Amino acid sequence: MTVVWRNGHSEGIEHWLRLTRAEGVGSVRFARLVKEFGSVENALCASVAEMVRVEDIGEATAEKIARSRDKFDIAKELELAEKHKVVVIHWDDERYPPALKSIYDPPPVLYVRGTLERSDALSVSIVGSRRCSAYGSEQASRFGYLLASAGFTIVSGLARGIDTAAHRGALSAKGRTIAVEGCGLAKVFPLENEKLAAMIAEAGAVVSELAMEYEPLAENFPARNRIIAALSLGTLVVEAPYNSGALLTARASLEYNREVMAVPGKIDSPLNGGCHRLIKDGARLVDSIEDILDALGYVGEGLKTHTSEAAQQAEEKAQTTLFDSARLNLSAVEKAILAGFDGEPMHIEEIISKSGFAAGQVHSAVISLQLKGLVRQLPGGLYAKRIKTER
């Protein structure tokens, strides 16, 4: 079901903005204030003496709230939102994502550039390192493309690297994607993704819980990551070192009882340390869309018949879009390996001998060519060049 998307802000949004932008009011305190006083409007009228009765609000915090709840410039905020084609909704609005509302600390208000649909409940998050390798980028694009082709909405954070590749993969499949920003929507971070953000808004939504002009500070991103996790049935981590913010998203997914999945990589690469740690700790090792469906339990089971057929078609189509050799910048090693195939499968040792390159270089190149859809692996250590399907 698709909720009809109204162009206006949620009813009474001015009151919600006044309270949520008051000093000392976060998502949890906002909810406690509303629960105590029955409504946002009543909470805005509460005295300091009344507010101190609320859990975790002492006298100093109550005084800060009372002193600051009328200082946020609501008119300017809504004018900026209109200028940037942003709608501000609160959690009592039918457009607010139910999955996000169900967590312990949902954002009281959500800024949305684009549209949200009920179908976005069928979402998978794809996250990973900003400084990713070609392998990581290819995998994020591949899974973004295949999942979007099968009807999933792809959720990520618009960051450089894995996030960008995942969004682009979904867009290549003409699917839906949602970007969760760690700044206000009057800004785009990183700036080089301004055009990508516009494309995402056309095919889904760019969202944030932060005020329109809020800067992309490092402190914003852990909270941003919880929204990415909450919007999805599960989180797929592609290339993440031990200190990656993607691991915070994975941790939030576990806290919200979502699935955590990880794509394996080279064991000697620091970029994959976080993914391998997740797998050791029980995350699902993923190398196909079928693995993701298995991880999603009864939801995935119900989708398997339709999705498997769609995924197969998408994988074939991907060979002539995302992974078409004419569109890829192949390395010298990859070109040499492809040129060495004469129509018959070759053992990896024969490929090494024919190419003239070191074994390590050849192994890495063969893996890359597999991911690009140009080479396929056969039993017994044999590899064959893919023949492009005639259309």
# chains A, B, ... in the order shown; residues from 1 in each chain; ligands from 1
$ residues_around --residues "A:Arg29" --least-positions-apart "6" --cutoff "12 Å" --atoms "only C-alpha atoms" --output "PDB file with C-alpha atoms, in the first residue's frame"
ATOM      1  CA  LEU A  19       9.776  21.198  21.966  1.00  0.00           C
ATOM      2  CA  THR A  20      12.287  19.018  20.124  1.00  0.00           C
ATOM      3  CA  ARG A  21      14.603  22.008  19.524  1.00  0.00           C
ATOM      4  CA  ALA A  22      14.551  23.064  23.171  1.00  0.00           C
ATOM      5  CA  GLU A  23      17.902  22.735  24.922  1.00  0.00           C
ATOM      6  CA  LYS A  35       3.799  10.782  27.963  1.00  0.00           C
ATOM      7  CA  GLU A  36       3.802  12.692  31.260  1.00  0.00           C
ATOM      8  CA  VAL A  40       3.186  18.172  22.920  1.00  0.00           C
ATOM      9  CA  ALA A  43       4.470  19.714  27.602  1.00  0.00           C
ATOM     10  CA  MET A  51       8.882  18.954  34.533  1.00  0.00           C
ATOM     11  CA  VAL A  52      11.137  17.762  37.360  1.00  0.00           C
ATOM     12  CA  VAL A  54       9.649  13.452  34.629  1.00  0.00           C
ATOM     13  CA  GLU A  55      12.257  10.687  34.711  1.00  0.00           C
ATOM     14  CA  ASP A  56      15.819  11.916  34.033  1.00  0.00           C
ATOM     15  CA  ILE A  57      14.835  15.615  34.132  1.00  0.00           C
ATOM     16  CA  GLY A  58      16.327  17.411  37.113  1.00  0.00           C
ATOM     17  CA  THR A  61      17.530  20.490  32.834  1.00  0.00           C
ATOM     18  CA  ALA A  62      13.940  21.630  33.403  1.00  0.00           C
ATOM     19  CA  ILE A  65      14.014  23.506  28.629  1.00  0.00           C
ATOM     20  CA  TYR A 104      13.320   2.978  21.745  1.00  0.00           C
ATOM     21  CA  ASP A 105      14.369   6.467  20.623  1.00  0.00           C
ATOM     22  CA  PRO A 106      12.598   7.466  17.377  1.00  0.00           C
ATOM     23  CA  PRO A 107      13.171  11.000  16.094  1.00  0.00           C
ATOM     24  CA  PRO A 108      10.130  13.110  17.087  1.00  0.00           C
TER      25      PRO A 108
END
$ select_by_dssp --residues "stretch 98-277 of chain A" --states "alpha helix (DSSP H)" --output "MDAnalysis selection string"
chainID A and resid 98:101 134:149 162:172 194:203 221:230 246:255 273:277
$ residues_around --residues "A:Val207" --least-positions-apart "4" --cutoff "7 Å" --atoms "only C-alpha atoms" --output "ChimeraX atom specification"
/A:110-113,179-181
$ write_last_selection --atoms "C-alpha atoms" --output "PDB file, in the first residue's frame"
ATOM      1  CA  LEU A 110      11.704  13.769  10.397  1.00  0.00           C
ATOM      2  CA  TYR A 111      12.699  16.033   7.523  1.00  0.00           C
ATOM      3  CA  VAL A 112      11.917  14.408   4.173  1.00  0.00           C
ATOM      4  CA  ARG A 113      13.039  15.468   0.717  1.00  0.00           C
ATOM      5  CA  ALA A 179      19.554   8.284   2.152  1.00  0.00           C
ATOM      6  CA  VAL A 180      19.804   9.252   5.821  1.00  0.00           C
ATOM      7  CA  GLU A 181      21.892  12.388   6.258  1.00  0.00           C
TER       8      GLU A 181
END
$ residues_around --residues "stretch 266-282 of chain A" --least-positions-apart "2" --cutoff "8 Å" --atoms "only C-alpha atoms" --output "MDAnalysis selection string"
chainID A and resid 129 132 237:244 247 261:264 284:285
$ write_last_selection --atoms "C-alpha atoms" --output "mmCIF file, in the first residue's frame"
data_model
loop_
_atom_site.group_PDB
_atom_site.id
_atom_site.type_symbol
_atom_site.label_atom_id
_atom_site.label_comp_id
_atom_site.auth_asym_id
_atom_site.auth_seq_id
_atom_site.Cartn_x
_atom_site.Cartn_y
_atom_site.Cartn_z
ATOM 1 C CA SER A 129 33.778 2.085 4.632
ATOM 2 C CA CYS A 132 36.580 1.369 0.085
ATOM 3 C CA VAL A 237 27.968 -4.537 5.901
ATOM 4 C CA VAL A 238 30.330 -4.389 2.921
ATOM 5 C CA GLU A 239 33.984 -3.693 3.707
ATOM 6 C CA ALA A 240 34.386 -2.189 7.140
ATOM 7 C CA PRO A 241 37.576 -1.886 9.206
ATOM 8 C CA TYR A 242 37.487 -2.446 12.946
ATOM 9 C CA ASN A 243 36.792 1.235 13.730
ATOM 10 C CA SER A 244 34.181 1.787 11.016
ATOM 11 C CA LEU A 247 29.757 -1.360 12.849
ATOM 12 C CA MET A 261 24.851 -9.645 7.452
ATOM 13 C CA ALA A 262 28.360 -9.162 6.127
ATOM 14 C CA VAL A 263 30.197 -9.668 2.836
ATOM 15 C CA PRO A 264 33.570 -11.420 3.303
ATOM 16 C CA ARG A 284 25.273 -14.019 8.335
ATOM 17 C CA LEU A 285 27.995 -14.440 5.690
#
$ residues_around --residues "stretch 341-358 of chain A" --least-positions-apart "3" --cutoff "8 Å" --atoms "only C-alpha atoms" --output "NGL selection string"
:A and (333 or 336-338 or 361-363 or 380-385)
$ write_last_selection --atoms "N, CA and C atoms" --output "PDB file, in the first residue's frame"
ATOM      1  N   VAL A 333      46.240  -6.404 -15.662  1.00  0.00           N
ATOM      2  CA  VAL A 333      46.182  -7.826 -15.336  1.00  0.00           C
ATOM      3  C   VAL A 333      44.847  -8.419 -15.784  1.00  0.00           C
ATOM      4  N   ALA A 336      44.749  -8.821 -19.534  1.00  0.00           N
ATOM      5  CA  ALA A 336      45.585  -9.941 -19.971  1.00  0.00           C
ATOM      6  C   ALA A 336      44.898 -11.280 -19.723  1.00  0.00           C
ATOM      7  N   ILE A 337      44.231 -11.396 -18.592  1.00  0.00           N
ATOM      8  CA  ILE A 337      43.534 -12.645 -18.267  1.00  0.00           C
ATOM      9  C   ILE A 337      42.386 -12.881 -19.240  1.00  0.00           C
ATOM     10  N   LEU A 338      41.590 -11.853 -19.496  1.00  0.00           N
ATOM     11  CA  LEU A 338      40.471 -11.998 -20.432  1.00  0.00           C
ATOM     12  C   LEU A 338      40.963 -12.379 -21.823  1.00  0.00           C
ATOM     13  N   GLN A 361      48.633 -11.351  -7.864  1.00  0.00           N
ATOM     14  CA  GLN A 361      47.950 -10.406  -8.749  1.00  0.00           C
ATOM     15  C   GLN A 361      46.846 -11.091  -9.539  1.00  0.00           C
ATOM     16  N   VAL A 362      47.138 -12.301 -10.013  1.00  0.00           N
ATOM     17  CA  VAL A 362      46.163 -13.031 -10.820  1.00  0.00           C
ATOM     18  C   VAL A 362      44.950 -13.432  -9.988  1.00  0.00           C
ATOM     19  N   HIS A 363      45.190 -13.933  -8.778  1.00  0.00           N
ATOM     20  CA  HIS A 363      44.066 -14.318  -7.914  1.00  0.00           C
ATOM     21  C   HIS A 363      43.146 -13.124  -7.657  1.00  0.00           C
ATOM     22  N   GLY A 380      36.516 -27.571  -9.530  1.00  0.00           N
ATOM     23  CA  GLY A 380      37.877 -28.038  -9.781  1.00  0.00           C
ATOM     24  C   GLY A 380      38.880 -26.931 -10.043  1.00  0.00           C
ATOM     25  N   GLY A 381      38.619 -25.732  -9.567  1.00  0.00           N
ATOM     26  CA  GLY A 381      39.569 -24.644  -9.768  1.00  0.00           C
ATOM     27  C   GLY A 381      39.602 -24.112 -11.190  1.00  0.00           C
ATOM     28  N   LEU A 382      38.571 -24.393 -11.986  1.00  0.00           N
ATOM     29  CA  LEU A 382      38.511 -23.934 -13.372  1.00  0.00           C
ATOM     30  C   LEU A 382      37.713 -22.635 -13.467  1.00  0.00           C
ATOM     31  N   TYR A 383      38.076 -21.828 -14.458  1.00  0.00           N
ATOM     32  CA  TYR A 383      37.387 -20.565 -14.707  1.00  0.00           C
ATOM     33  C   TYR A 383      37.094 -20.461 -16.201  1.00  0.00           C
ATOM     34  N   ALA A 384      35.985 -19.783 -16.517  1.00  0.00           N
ATOM     35  CA  ALA A 384      35.621 -19.602 -17.922  1.00  0.00           C
ATOM     36  C   ALA A 384      35.169 -18.173 -18.144  1.00  0.00           C
ATOM     37  N   LYS A 385      35.428 -17.670 -19.331  1.00  0.00           N
ATOM     38  CA  LYS A 385      34.971 -16.331 -19.698  1.00  0.00           C
ATOM     39  C   LYS A 385      33.485 -16.391 -19.998  1.00  0.00           C
TER      40      LYS A 385
END
